[in-house]
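With mmCIF, N, CA and C atoms inside, this is upload_26.cif:
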data_target
loop_
_atom_site.label_atom_id
_atom_site.label_comp_id
_atom_site.auth_asym_id
_atom_site.auth_seq_id
_atom_site.Cartn_x
_atom_site.Cartn_y
_atom_site.Cartn_z
N MET D 14 4.44 0.81 27.68
CA MET D 14 3.96 0.22 26.44
C MET D 14 2.60 0.82 26.13
N THR D 15 2.38 1.14 24.87
CA THR D 15 1.12 1.71 24.43
C THR D 15 0.50 0.80 23.39
N THR D 16 -0.78 0.58 23.47
CA THR D 16 -1.49 -0.19 22.46
C THR D 16 -2.01 0.78 21.41
N VAL D 17 -1.64 0.53 20.15
CA VAL D 17 -2.14 1.33 19.05
C VAL D 17 -3.46 0.71 18.63
N ARG D 18 -4.56 1.46 18.78
CA ARG D 18 -5.87 0.88 18.56
C ARG D 18 -6.51 1.35 17.26
N PHE D 19 -5.71 1.52 16.25
CA PHE D 19 -6.26 1.68 14.92
C PHE D 19 -5.51 0.71 14.04
N GLU D 20 -6.08 0.39 12.89
CA GLU D 20 -5.49 -0.63 12.05
C GLU D 20 -4.12 -0.22 11.56
N ALA D 21 -3.15 -1.03 11.88
CA ALA D 21 -1.78 -0.78 11.44
C ALA D 21 -1.03 -2.10 11.43
N PHE D 22 -0.35 -2.36 10.33
CA PHE D 22 0.43 -3.59 10.28
C PHE D 22 1.79 -3.33 10.89
N PRO D 23 2.47 -4.39 11.37
CA PRO D 23 3.77 -4.19 12.01
C PRO D 23 4.78 -3.56 11.05
N LEU D 24 5.59 -2.65 11.57
CA LEU D 24 6.60 -2.01 10.74
C LEU D 24 7.54 -3.06 10.17
N GLY D 25 7.87 -2.89 8.90
CA GLY D 25 8.80 -3.80 8.25
C GLY D 25 8.16 -5.09 7.78
N GLN D 26 6.87 -5.26 8.02
CA GLN D 26 6.18 -6.46 7.55
C GLN D 26 5.10 -6.03 6.58
N PRO D 27 4.96 -6.75 5.47
CA PRO D 27 3.95 -6.35 4.48
C PRO D 27 2.53 -6.56 5.00
N PHE D 28 1.64 -5.77 4.45
CA PHE D 28 0.21 -5.91 4.70
C PHE D 28 -0.21 -7.29 4.22
N GLU D 29 -0.99 -8.01 5.01
CA GLU D 29 -1.39 -9.36 4.61
C GLU D 29 -2.27 -9.28 3.36
N ALA D 30 -1.80 -9.93 2.33
CA ALA D 30 -2.47 -9.84 1.03
C ALA D 30 -3.67 -10.78 0.96
N TRP D 31 -4.55 -10.46 0.04
CA TRP D 31 -5.72 -11.28 -0.26
C TRP D 31 -5.26 -12.68 -0.62
N ARG D 32 -5.89 -13.68 -0.06
CA ARG D 32 -5.48 -15.06 -0.28
C ARG D 32 -6.40 -15.81 -1.22
N GLY D 33 -7.48 -15.17 -1.64
CA GLY D 33 -8.42 -15.83 -2.53
C GLY D 33 -8.01 -15.69 -3.99
N ALA D 34 -8.86 -16.20 -4.84
CA ALA D 34 -8.61 -16.14 -6.27
C ALA D 34 -8.83 -14.72 -6.79
N LYS D 35 -8.15 -14.39 -7.87
CA LYS D 35 -8.35 -13.10 -8.52
C LYS D 35 -9.73 -13.12 -9.17
N PRO D 36 -10.55 -12.10 -8.91
CA PRO D 36 -11.89 -12.08 -9.51
C PRO D 36 -11.81 -12.04 -11.04
N SER D 37 -12.69 -12.77 -11.67
CA SER D 37 -12.76 -12.79 -13.13
C SER D 37 -13.32 -11.46 -13.64
N GLU D 38 -13.18 -11.24 -14.93
CA GLU D 38 -13.74 -10.03 -15.54
C GLU D 38 -15.26 -9.99 -15.34
N GLU D 39 -15.91 -11.14 -15.44
CA GLU D 39 -17.36 -11.21 -15.23
C GLU D 39 -17.72 -10.82 -13.80
N THR D 40 -16.93 -11.33 -12.84
CA THR D 40 -17.17 -10.98 -11.43
C THR D 40 -16.98 -9.49 -11.21
N MET D 41 -15.93 -8.93 -11.83
CA MET D 41 -15.69 -7.49 -11.69
C MET D 41 -16.84 -6.68 -12.31
N ALA D 42 -17.35 -7.13 -13.45
CA ALA D 42 -18.48 -6.44 -14.09
C ALA D 42 -19.71 -6.49 -13.19
N LEU D 43 -19.98 -7.64 -12.61
CA LEU D 43 -21.12 -7.77 -11.69
C LEU D 43 -20.92 -6.88 -10.46
N ALA D 44 -19.70 -6.82 -9.96
CA ALA D 44 -19.41 -5.97 -8.79
C ALA D 44 -19.59 -4.50 -9.14
N ARG D 45 -19.14 -4.09 -10.34
CA ARG D 45 -19.33 -2.69 -10.77
C ARG D 45 -20.83 -2.35 -10.84
N GLU D 46 -21.59 -3.28 -11.38
CA GLU D 46 -23.04 -3.07 -11.48
C GLU D 46 -23.66 -2.96 -10.09
N PHE D 47 -23.25 -3.83 -9.18
CA PHE D 47 -23.77 -3.82 -7.82
C PHE D 47 -23.43 -2.51 -7.13
N VAL D 48 -22.18 -2.09 -7.23
CA VAL D 48 -21.75 -0.84 -6.61
C VAL D 48 -22.46 0.33 -7.26
N GLY D 49 -22.66 0.27 -8.58
CA GLY D 49 -23.35 1.34 -9.30
C GLY D 49 -24.80 1.50 -8.85
N ARG D 50 -25.41 0.41 -8.41
CA ARG D 50 -26.79 0.48 -7.92
C ARG D 50 -26.84 0.99 -6.49
N GLY D 51 -25.68 1.08 -5.87
CA GLY D 51 -25.61 1.57 -4.48
C GLY D 51 -25.29 0.43 -3.55
N ALA D 52 -24.18 0.55 -2.89
CA ALA D 52 -23.77 -0.49 -1.94
C ALA D 52 -23.72 0.09 -0.54
N GLU D 53 -24.72 0.90 -0.22
CA GLU D 53 -24.74 1.58 1.07
C GLU D 53 -24.86 0.61 2.25
N ASP D 54 -25.33 -0.61 1.98
CA ASP D 54 -25.51 -1.56 3.07
C ASP D 54 -24.21 -2.19 3.53
N LEU D 55 -23.15 -2.03 2.75
CA LEU D 55 -21.87 -2.62 3.14
C LEU D 55 -21.28 -1.85 4.31
N PRO D 56 -20.74 -2.59 5.29
CA PRO D 56 -20.13 -1.88 6.42
C PRO D 56 -18.87 -1.16 5.97
N GLU D 57 -18.68 0.04 6.48
CA GLU D 57 -17.48 0.78 6.16
C GLU D 57 -16.36 0.38 7.10
N ASN D 58 -15.15 0.38 6.56
CA ASN D 58 -13.99 0.06 7.38
C ASN D 58 -13.55 1.33 8.09
N ASP D 59 -13.68 1.34 9.40
CA ASP D 59 -13.29 2.51 10.20
C ASP D 59 -11.91 2.27 10.77
N TRP D 60 -10.90 2.89 10.17
CA TRP D 60 -9.53 2.71 10.61
C TRP D 60 -9.34 3.12 12.06
N LEU D 61 -10.18 3.99 12.55
CA LEU D 61 -9.99 4.55 13.89
C LEU D 61 -10.91 3.91 14.92
N ASP D 62 -11.57 2.81 14.56
CA ASP D 62 -12.48 2.15 15.47
C ASP D 62 -11.75 1.78 16.75
N GLY D 63 -12.26 2.21 17.87
CA GLY D 63 -11.66 1.89 19.16
C GLY D 63 -10.67 2.94 19.66
N LEU D 64 -10.32 3.88 18.83
CA LEU D 64 -9.37 4.92 19.24
C LEU D 64 -10.12 5.98 20.04
N ASP D 65 -9.57 6.35 21.19
CA ASP D 65 -10.21 7.37 22.03
C ASP D 65 -10.41 8.66 21.24
N HIS D 66 -11.47 9.41 21.59
CA HIS D 66 -11.80 10.63 20.88
C HIS D 66 -10.64 11.62 20.84
N ASP D 67 -9.93 11.79 21.95
CA ASP D 67 -8.84 12.78 21.98
C ASP D 67 -7.73 12.41 21.00
N ARG D 68 -7.52 11.13 20.78
CA ARG D 68 -6.51 10.71 19.80
C ARG D 68 -7.09 10.70 18.39
N ARG D 69 -8.36 10.38 18.27
CA ARG D 69 -9.01 10.34 16.96
C ARG D 69 -8.92 11.71 16.28
N VAL D 70 -9.14 12.79 17.04
CA VAL D 70 -9.10 14.13 16.44
C VAL D 70 -7.70 14.51 15.97
N VAL D 71 -6.68 13.87 16.54
CA VAL D 71 -5.30 14.11 16.11
C VAL D 71 -4.97 13.24 14.89
N VAL D 72 -5.36 11.98 14.92
CA VAL D 72 -4.97 11.01 13.90
C VAL D 72 -5.78 11.16 12.61
N GLU D 73 -7.05 11.52 12.72
CA GLU D 73 -7.91 11.61 11.53
C GLU D 73 -7.36 12.55 10.46
N PRO D 74 -6.88 13.74 10.81
CA PRO D 74 -6.30 14.60 9.77
C PRO D 74 -5.05 14.00 9.13
N TRP D 75 -4.28 13.23 9.90
CA TRP D 75 -3.11 12.56 9.33
C TRP D 75 -3.54 11.55 8.27
N ILE D 76 -4.60 10.81 8.57
CA ILE D 76 -5.10 9.82 7.61
C ILE D 76 -5.60 10.53 6.36
N GLU D 77 -6.32 11.63 6.53
CA GLU D 77 -6.81 12.38 5.38
C GLU D 77 -5.65 12.91 4.53
N GLU D 78 -4.57 13.33 5.19
CA GLU D 78 -3.40 13.84 4.47
C GLU D 78 -2.63 12.71 3.77
N LEU D 79 -2.38 11.63 4.50
CA LEU D 79 -1.53 10.56 3.98
C LEU D 79 -2.25 9.61 3.03
N PHE D 80 -3.55 9.51 3.16
CA PHE D 80 -4.35 8.62 2.32
C PHE D 80 -5.46 9.44 1.64
N PRO D 81 -5.07 10.35 0.73
CA PRO D 81 -6.09 11.19 0.09
C PRO D 81 -7.08 10.33 -0.70
N ALA D 82 -8.34 10.63 -0.53
CA ALA D 82 -9.39 9.85 -1.19
C ALA D 82 -9.84 10.56 -2.46
N SER D 83 -10.07 9.76 -3.47
CA SER D 83 -10.69 10.28 -4.70
C SER D 83 -11.94 9.45 -4.93
N PRO D 84 -12.99 10.05 -5.45
CA PRO D 84 -14.21 9.28 -5.70
C PRO D 84 -13.96 8.07 -6.61
N GLU D 85 -13.15 8.26 -7.65
CA GLU D 85 -12.88 7.17 -8.58
C GLU D 85 -12.09 6.06 -7.90
N GLY D 86 -11.05 6.44 -7.17
CA GLY D 86 -10.23 5.45 -6.47
C GLY D 86 -11.02 4.70 -5.41
N SER D 87 -11.85 5.43 -4.68
CA SER D 87 -12.68 4.80 -3.65
C SER D 87 -13.67 3.83 -4.28
N ARG D 88 -14.22 4.22 -5.41
CA ARG D 88 -15.19 3.35 -6.10
C ARG D 88 -14.51 2.08 -6.59
N GLU D 89 -13.33 2.19 -7.19
CA GLU D 89 -12.63 1.01 -7.70
C GLU D 89 -12.18 0.10 -6.56
N THR D 90 -11.80 0.69 -5.45
CA THR D 90 -11.45 -0.10 -4.27
C THR D 90 -12.67 -0.89 -3.81
N LEU D 91 -13.82 -0.22 -3.75
CA LEU D 91 -15.05 -0.88 -3.33
C LEU D 91 -15.45 -1.98 -4.31
N VAL D 92 -15.30 -1.73 -5.61
CA VAL D 92 -15.64 -2.75 -6.61
C VAL D 92 -14.81 -4.01 -6.40
N LEU D 93 -13.50 -3.84 -6.23
CA LEU D 93 -12.64 -5.00 -6.01
C LEU D 93 -13.00 -5.71 -4.71
N GLN D 94 -13.26 -4.94 -3.68
CA GLN D 94 -13.62 -5.50 -2.39
C GLN D 94 -14.92 -6.31 -2.50
N VAL D 95 -15.91 -5.78 -3.19
CA VAL D 95 -17.19 -6.47 -3.38
C VAL D 95 -16.98 -7.74 -4.20
N ALA D 96 -16.20 -7.63 -5.27
CA ALA D 96 -15.95 -8.81 -6.12
C ALA D 96 -15.30 -9.92 -5.30
N ARG D 97 -14.33 -9.56 -4.49
CA ARG D 97 -13.63 -10.56 -3.68
C ARG D 97 -14.53 -11.13 -2.58
N ALA D 98 -15.24 -10.25 -1.89
CA ALA D 98 -16.03 -10.68 -0.72
C ALA D 98 -17.27 -11.49 -1.10
N PHE D 99 -17.92 -11.12 -2.20
CA PHE D 99 -19.14 -11.81 -2.59
C PHE D 99 -18.87 -12.97 -3.54
N GLY D 100 -18.00 -12.75 -4.51
CA GLY D 100 -17.77 -13.77 -5.52
C GLY D 100 -18.86 -13.76 -6.58
N GLU D 101 -18.57 -14.41 -7.68
CA GLU D 101 -19.48 -14.36 -8.83
C GLU D 101 -20.84 -14.95 -8.53
N ASP D 102 -20.89 -16.09 -7.84
CA ASP D 102 -22.17 -16.74 -7.59
C ASP D 102 -23.12 -15.85 -6.79
N LYS D 103 -22.62 -15.28 -5.70
CA LYS D 103 -23.48 -14.42 -4.88
C LYS D 103 -23.89 -13.16 -5.64
N LEU D 104 -22.97 -12.61 -6.43
CA LEU D 104 -23.32 -11.40 -7.19
C LEU D 104 -24.38 -11.70 -8.25
N ARG D 105 -24.28 -12.86 -8.89
CA ARG D 105 -25.32 -13.25 -9.86
C ARG D 105 -26.67 -13.42 -9.17
N ARG D 106 -26.65 -14.05 -8.00
CA ARG D 106 -27.89 -14.27 -7.27
C ARG D 106 -28.48 -12.95 -6.78
N LEU D 107 -27.64 -12.03 -6.34
CA LEU D 107 -28.14 -10.70 -5.95
C LEU D 107 -28.77 -9.99 -7.13
N LYS D 108 -28.12 -10.08 -8.28
CA LYS D 108 -28.64 -9.44 -9.49
C LYS D 108 -30.01 -10.01 -9.86
N ALA D 109 -30.20 -11.31 -9.61
CA ALA D 109 -31.47 -11.97 -9.92
C ALA D 109 -32.53 -11.71 -8.85
N GLY D 110 -32.15 -10.96 -7.81
CA GLY D 110 -33.11 -10.64 -6.76
C GLY D 110 -33.21 -11.70 -5.68
N GLU D 111 -32.31 -12.67 -5.70
CA GLU D 111 -32.33 -13.71 -4.68
C GLU D 111 -31.62 -13.22 -3.41
N GLU D 112 -31.97 -13.85 -2.32
CA GLU D 112 -31.30 -13.52 -1.06
C GLU D 112 -30.02 -14.32 -0.95
N VAL D 113 -29.00 -13.68 -0.40
CA VAL D 113 -27.72 -14.35 -0.17
C VAL D 113 -27.24 -14.01 1.24
N THR D 114 -26.36 -14.82 1.75
CA THR D 114 -25.72 -14.53 3.02
C THR D 114 -24.64 -13.50 2.75
N TRP D 115 -24.72 -12.37 3.43
CA TRP D 115 -23.74 -11.31 3.22
C TRP D 115 -22.43 -11.67 3.90
N PRO D 116 -21.33 -11.22 3.34
CA PRO D 116 -20.04 -11.45 4.00
C PRO D 116 -20.03 -10.79 5.37
N THR D 117 -19.25 -11.36 6.27
CA THR D 117 -19.10 -10.77 7.60
C THR D 117 -18.21 -9.54 7.49
N ASP D 118 -18.18 -8.74 8.55
CA ASP D 118 -17.29 -7.58 8.59
C ASP D 118 -15.84 -8.01 8.37
N GLU D 119 -15.48 -9.15 8.96
CA GLU D 119 -14.10 -9.65 8.81
C GLU D 119 -13.82 -10.03 7.35
N GLU D 120 -14.79 -10.64 6.68
CA GLU D 120 -14.61 -11.01 5.27
C GLU D 120 -14.51 -9.77 4.39
N ILE D 121 -15.30 -8.75 4.70
CA ILE D 121 -15.23 -7.50 3.94
C ILE D 121 -13.85 -6.87 4.13
N THR D 122 -13.37 -6.84 5.37
CA THR D 122 -12.05 -6.27 5.64
C THR D 122 -10.96 -7.07 4.96
N ALA D 123 -11.05 -8.40 5.01
CA ALA D 123 -10.04 -9.26 4.37
C ALA D 123 -10.01 -9.08 2.86
N ALA D 124 -11.10 -8.62 2.28
CA ALA D 124 -11.19 -8.44 0.83
C ALA D 124 -10.64 -7.10 0.36
N CYS D 125 -10.17 -6.28 1.29
CA CYS D 125 -9.60 -4.98 0.93
C CYS D 125 -8.40 -5.18 0.00
N PRO D 126 -8.24 -4.30 -0.95
CA PRO D 126 -7.05 -4.37 -1.81
C PRO D 126 -5.77 -4.17 -1.01
N GLU D 127 -4.69 -4.74 -1.52
CA GLU D 127 -3.40 -4.60 -0.89
C GLU D 127 -2.95 -3.15 -1.00
N PHE D 128 -2.11 -2.74 -0.09
CA PHE D 128 -1.54 -1.40 -0.16
C PHE D 128 -0.60 -1.31 -1.36
N THR D 129 -0.63 -0.17 -2.00
CA THR D 129 0.38 0.14 -3.00
C THR D 129 1.66 0.49 -2.24
N PRO D 130 2.82 0.53 -2.90
CA PRO D 130 4.03 0.96 -2.19
C PRO D 130 3.87 2.34 -1.55
N GLU D 131 3.14 3.24 -2.23
CA GLU D 131 2.91 4.58 -1.67
C GLU D 131 2.04 4.51 -0.41
N GLN D 132 1.03 3.66 -0.44
CA GLN D 132 0.16 3.52 0.73
C GLN D 132 0.90 2.85 1.88
N GLU D 133 1.77 1.90 1.55
CA GLU D 133 2.56 1.27 2.61
C GLU D 133 3.48 2.29 3.27
N ALA D 134 4.10 3.15 2.45
CA ALA D 134 4.95 4.22 3.00
C ALA D 134 4.12 5.17 3.86
N ALA D 135 2.90 5.47 3.41
CA ALA D 135 2.02 6.35 4.18
C ALA D 135 1.65 5.70 5.51
N ALA D 136 1.40 4.39 5.51
CA ALA D 136 1.06 3.69 6.75
C ALA D 136 2.24 3.72 7.72
N ILE D 137 3.44 3.57 7.21
CA ILE D 137 4.63 3.64 8.06
C ILE D 137 4.78 5.04 8.63
N GLU D 138 4.52 6.06 7.80
CA GLU D 138 4.59 7.44 8.28
C GLU D 138 3.50 7.71 9.32
N LEU D 139 2.32 7.16 9.12
CA LEU D 139 1.24 7.31 10.11
C LEU D 139 1.66 6.70 11.44
N ARG D 140 2.24 5.52 11.39
CA ARG D 140 2.72 4.87 12.61
C ARG D 140 3.81 5.70 13.27
N ARG D 141 4.75 6.24 12.48
CA ARG D 141 5.83 7.05 13.02
C ARG D 141 5.28 8.26 13.76
N ARG D 142 4.33 8.96 13.12
CA ARG D 142 3.74 10.14 13.75
C ARG D 142 3.02 9.78 15.04
N TYR D 143 2.26 8.70 14.97
CA TYR D 143 1.50 8.29 16.15
C TYR D 143 2.44 7.98 17.30
N CYS D 144 3.47 7.20 17.01
CA CYS D 144 4.39 6.80 18.08
C CYS D 144 5.24 7.96 18.57
N GLU D 145 5.54 8.90 17.70
CA GLU D 145 6.25 10.09 18.13
C GLU D 145 5.38 10.92 19.07
N ARG D 146 4.13 11.05 18.72
CA ARG D 146 3.19 11.85 19.52
C ARG D 146 2.84 11.18 20.84
N TYR D 147 2.62 9.86 20.81
CA TYR D 147 2.13 9.16 21.99
C TYR D 147 3.16 8.24 22.63
N ASP D 148 4.42 8.37 22.22
CA ASP D 148 5.53 7.69 22.87
C ASP D 148 5.32 6.18 22.99
N CYS D 149 5.00 5.55 21.88
CA CYS D 149 4.85 4.10 21.90
C CYS D 149 6.10 3.44 21.31
N ASP D 150 6.34 2.22 21.68
CA ASP D 150 7.45 1.46 21.13
C ASP D 150 7.04 0.86 19.80
N THR D 151 7.97 0.78 18.85
CA THR D 151 7.65 0.21 17.54
C THR D 151 8.05 -1.23 17.47
#
As C-alpha coordinates, how would this structure be written, given the file I've shared?
Amino acid sequence: MTTVRFEAFPLGQPFEAWRGAKPSEETMALAREFVGRGAEDLPENDWLDGLDHDRRVVVEPWIEELFPASPEGSRETLVLQVARAFGEDKLRRLKAGEEVTWPTDEEITAACPEFTPEQEAAAIELRRRYCERYDCDT
(Lines of atoms letter the chains of each structure in order from A and count residues from 1; the text may use other names and numbers.)
(Lines give C-alpha, C1' and ligand atoms only; values in the text may rest on other atoms or scores of the structure.)
Protein backbone atom coordinates (compact mmCIF):
# COMPACT_ATOMS: atom_id res chain seq x y z
CA MET A 1 0.00 0.00 0.00
CA THR A 2 1.28 3.45 -0.89
CA THR A 3 0.15 6.74 0.62
CA VAL A 4 -0.37 9.44 -1.98
CA ARG A 5 0.85 12.59 -0.26
CA PHE A 6 -0.42 15.25 -2.57
CA GLU A 7 -3.95 16.56 -2.71
CA ALA A 8 -6.16 14.15 -4.56
CA PHE A 9 -9.79 13.26 -4.09
CA PRO A 10 -10.85 9.60 -4.23
CA LEU A 11 -11.43 8.26 -7.73
CA GLY A 12 -15.08 8.24 -8.68
CA GLN A 13 -16.02 10.71 -5.96
CA PRO A 14 -16.55 14.40 -6.65
CA PHE A 15 -14.33 17.08 -5.21
CA GLU A 16 -15.96 18.39 -2.03
CA ALA A 17 -17.75 21.54 -3.07
CA TRP A 18 -17.87 24.86 -1.26
CA ARG A 19 -20.59 24.72 1.39
CA GLY A 20 -20.93 28.43 2.07
CA ALA A 21 -23.11 31.02 0.43
CA LYS A 22 -22.39 32.26 -3.07
CA PRO A 23 -20.53 35.58 -2.77
CA SER A 24 -22.59 38.61 -3.76
CA GLU A 25 -21.55 40.90 -6.60
CA GLU A 26 -20.45 43.45 -3.98
CA THR A 27 -18.30 40.83 -2.25
CA MET A 28 -16.77 39.84 -5.59
CA ALA A 29 -16.03 43.51 -6.38
CA LEU A 30 -14.35 43.96 -2.99
CA ALA A 31 -12.35 40.75 -3.54
CA ARG A 32 -11.23 41.96 -7.00
CA GLU A 33 -10.10 45.23 -5.47
CA PHE A 34 -8.25 43.40 -2.68
CA VAL A 35 -6.52 41.06 -5.12
CA GLY A 36 -5.74 44.01 -7.41
CA ARG A 37 -3.91 45.72 -4.54
CA GLY A 38 -1.85 42.58 -4.07
CA ALA A 39 -2.74 39.54 -2.05
CA GLU A 40 0.79 38.29 -1.56
CA ASP A 41 0.11 37.60 2.11
CA LEU A 42 -2.32 34.80 1.31
CA PRO A 43 -0.85 31.34 1.72
CA GLU A 44 -0.45 29.47 -1.53
CA ASN A 45 -1.95 26.05 -1.91
CA ASP A 46 0.93 23.65 -2.53
CA TRP A 47 -0.51 20.53 -4.13
CA LEU A 48 2.77 18.72 -3.56
CA ASP A 49 3.20 19.60 0.12
CA GLY A 50 4.65 16.57 1.87
CA LEU A 51 5.67 14.76 -1.31
CA ASP A 52 9.27 13.55 -1.28
CA HIS A 53 11.64 15.49 -3.55
CA ASP A 54 12.29 12.50 -5.85
CA ARG A 55 8.55 12.18 -6.51
CA ARG A 56 7.94 15.93 -6.62
CA VAL A 57 10.29 16.31 -9.62
CA VAL A 58 8.26 13.64 -11.45
CA VAL A 59 4.77 14.87 -10.49
CA GLU A 60 5.29 18.63 -10.86
CA PRO A 61 5.60 18.53 -14.68
CA TRP A 62 2.42 16.42 -14.82
CA ILE A 63 0.57 19.08 -12.83
CA GLU A 64 1.91 21.81 -15.12
CA GLU A 65 0.77 19.80 -18.16
CA LEU A 66 -2.64 18.73 -16.85
CA PHE A 67 -3.52 21.98 -15.05
CA PRO A 68 -2.16 24.72 -17.32
CA ALA A 69 -2.18 28.07 -15.55
CA SER A 70 -3.20 31.34 -17.12
CA PRO A 71 -2.74 34.67 -15.36
CA GLU A 72 -6.40 35.56 -15.91
CA GLY A 73 -7.69 32.19 -14.72
CA SER A 74 -5.41 32.21 -11.70
CA ARG A 75 -6.54 35.73 -10.81
CA GLU A 76 -10.24 34.84 -11.07
CA THR A 77 -9.68 31.73 -8.98
CA LEU A 78 -7.97 33.85 -6.34
CA VAL A 79 -10.76 36.45 -6.42
CA LEU A 80 -13.41 33.80 -5.79
CA GLN A 81 -11.30 32.19 -3.10
CA VAL A 82 -10.78 35.55 -1.34
CA ALA A 83 -14.48 36.41 -1.61
CA ARG A 84 -15.45 33.08 -0.07
CA ALA A 85 -12.76 32.96 2.61
CA PHE A 86 -13.06 36.56 3.84
CA GLY A 87 -16.67 37.45 3.14
CA GLU A 88 -18.07 40.90 2.59
CA ASP A 89 -17.72 42.15 6.17
CA LYS A 90 -14.01 41.36 6.46
CA LEU A 91 -13.30 42.72 2.98
CA ARG A 92 -15.06 45.99 3.82
CA ARG A 93 -13.10 46.25 7.05
CA LEU A 94 -9.82 45.55 5.25
CA LYS A 95 -10.66 48.23 2.70
CA ALA A 96 -11.27 50.68 5.57
CA GLY A 97 -7.83 49.85 6.97
CA GLU A 98 -9.16 47.92 9.95
CA GLU A 99 -7.53 44.78 11.25
CA VAL A 100 -9.33 41.49 10.74
CA THR A 101 -8.67 37.90 11.65
CA TRP A 102 -7.31 36.24 8.53
CA PRO A 103 -8.76 32.93 7.41
CA THR A 104 -6.77 29.86 8.37
CA ASP A 105 -4.92 27.82 5.76
CA GLU A 106 -7.75 25.28 5.98
CA GLU A 107 -10.37 27.98 5.36
CA ILE A 108 -8.41 29.29 2.37
CA THR A 109 -8.16 25.76 0.96
CA ALA A 110 -11.87 25.09 1.59
CA ALA A 111 -12.70 28.27 -0.35
CA CYS A 112 -11.05 26.97 -3.53
CA PRO A 113 -13.36 26.82 -6.53
CA GLU A 114 -14.77 23.45 -7.49
CA PHE A 115 -13.09 21.54 -10.27
CA THR A 116 -14.52 21.93 -13.72
CA PRO A 117 -15.26 18.63 -15.50
CA GLU A 118 -11.97 19.11 -17.38
CA GLN A 119 -10.05 19.64 -14.14
CA GLU A 120 -11.71 16.61 -12.58
CA ALA A 121 -10.63 14.52 -15.59
CA ALA A 122 -7.12 15.95 -15.23
CA ALA A 123 -7.06 15.02 -11.52
CA ILE A 124 -8.09 11.46 -12.38
CA GLU A 125 -5.35 11.32 -15.02
CA LEU A 126 -2.83 12.66 -12.50
CA ARG A 127 -3.83 9.93 -10.06
CA ARG A 128 -3.61 7.29 -12.82
CA ARG A 129 -0.09 8.37 -13.77
CA TYR A 130 1.03 8.52 -10.18
CA CYS A 131 -0.31 5.08 -9.36
CA GLU A 132 1.07 3.60 -12.56
CA ARG A 133 4.51 5.01 -11.77
CA TYR A 134 4.54 4.22 -8.05
CA ASP A 135 2.39 1.08 -8.02
CA CYS A 136 -0.28 2.26 -5.60
CA ASP A 137 -3.75 0.82 -5.22
CA THR A 138 -6.68 3.02 -6.26
Between D:Ser83, D:Trp31, D:Ala136, D:Thr40, single out the one closest to Gly100 (chain D), counting only C-alpha atoms.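 Of D:Ser83, D:Trp31, D:Ala136, D:Thr40, the one nearest Gly100 (chain D) is D:Thr40, counting only C-alpha atoms.
If you look at CA of Leu104 (chain D) and atom N of Pro84 (chain D), they are 23.9 Å away from each other.
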Can you tell me, as a PyMOL selection string, what residues are no more than 8 Å from Ser37 (chain D) when counting only N, CA and C atoms, ignoring any on the same chain fewer than 5 positions away? chain D and resi 42-43+96+101
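Between atom C of Glu119 (chain D) and atom C of Arg97 (chain D) lies a distance of 10.0 Å.
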Around all the atoms of region 98-104 of chain D listed in the file, draw an axis-aligned box and extend it by 4 Å on each of the six sides; I want its centre and edge lengths in Å to one decimal, as JSON.
{"center_x": -19.8, "center_y": -13.5, "center_z": -4.8, "size_x": 17.1, "size_y": 14.5, "size_z": 16.1}
Nearest to Ala44 (chain D) by atom-to-atom distance, counting only C-alpha atoms, from D:Glu145, D:Glu120, D:Glu127, D:Asp102: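 Going through D:Glu145, D:Glu120, D:Glu127, D:Asp102 one by one, the smallest distance to Ala44 (chain D) is for D:Asp102.
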Please provide the set of residues having any atom within 7 Å of Gln94 (chain D), restricted to only C-alpha atoms, with same-chain residues fewer than 6 positions apart removed, written as a ChimeraX atom specification. /D:121,124-126
For CA of Phe99 (chain D) and CA of Ala123 (chain D), the interatomic separation in Å (one decimal):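 So the answer is 11.7 Å.
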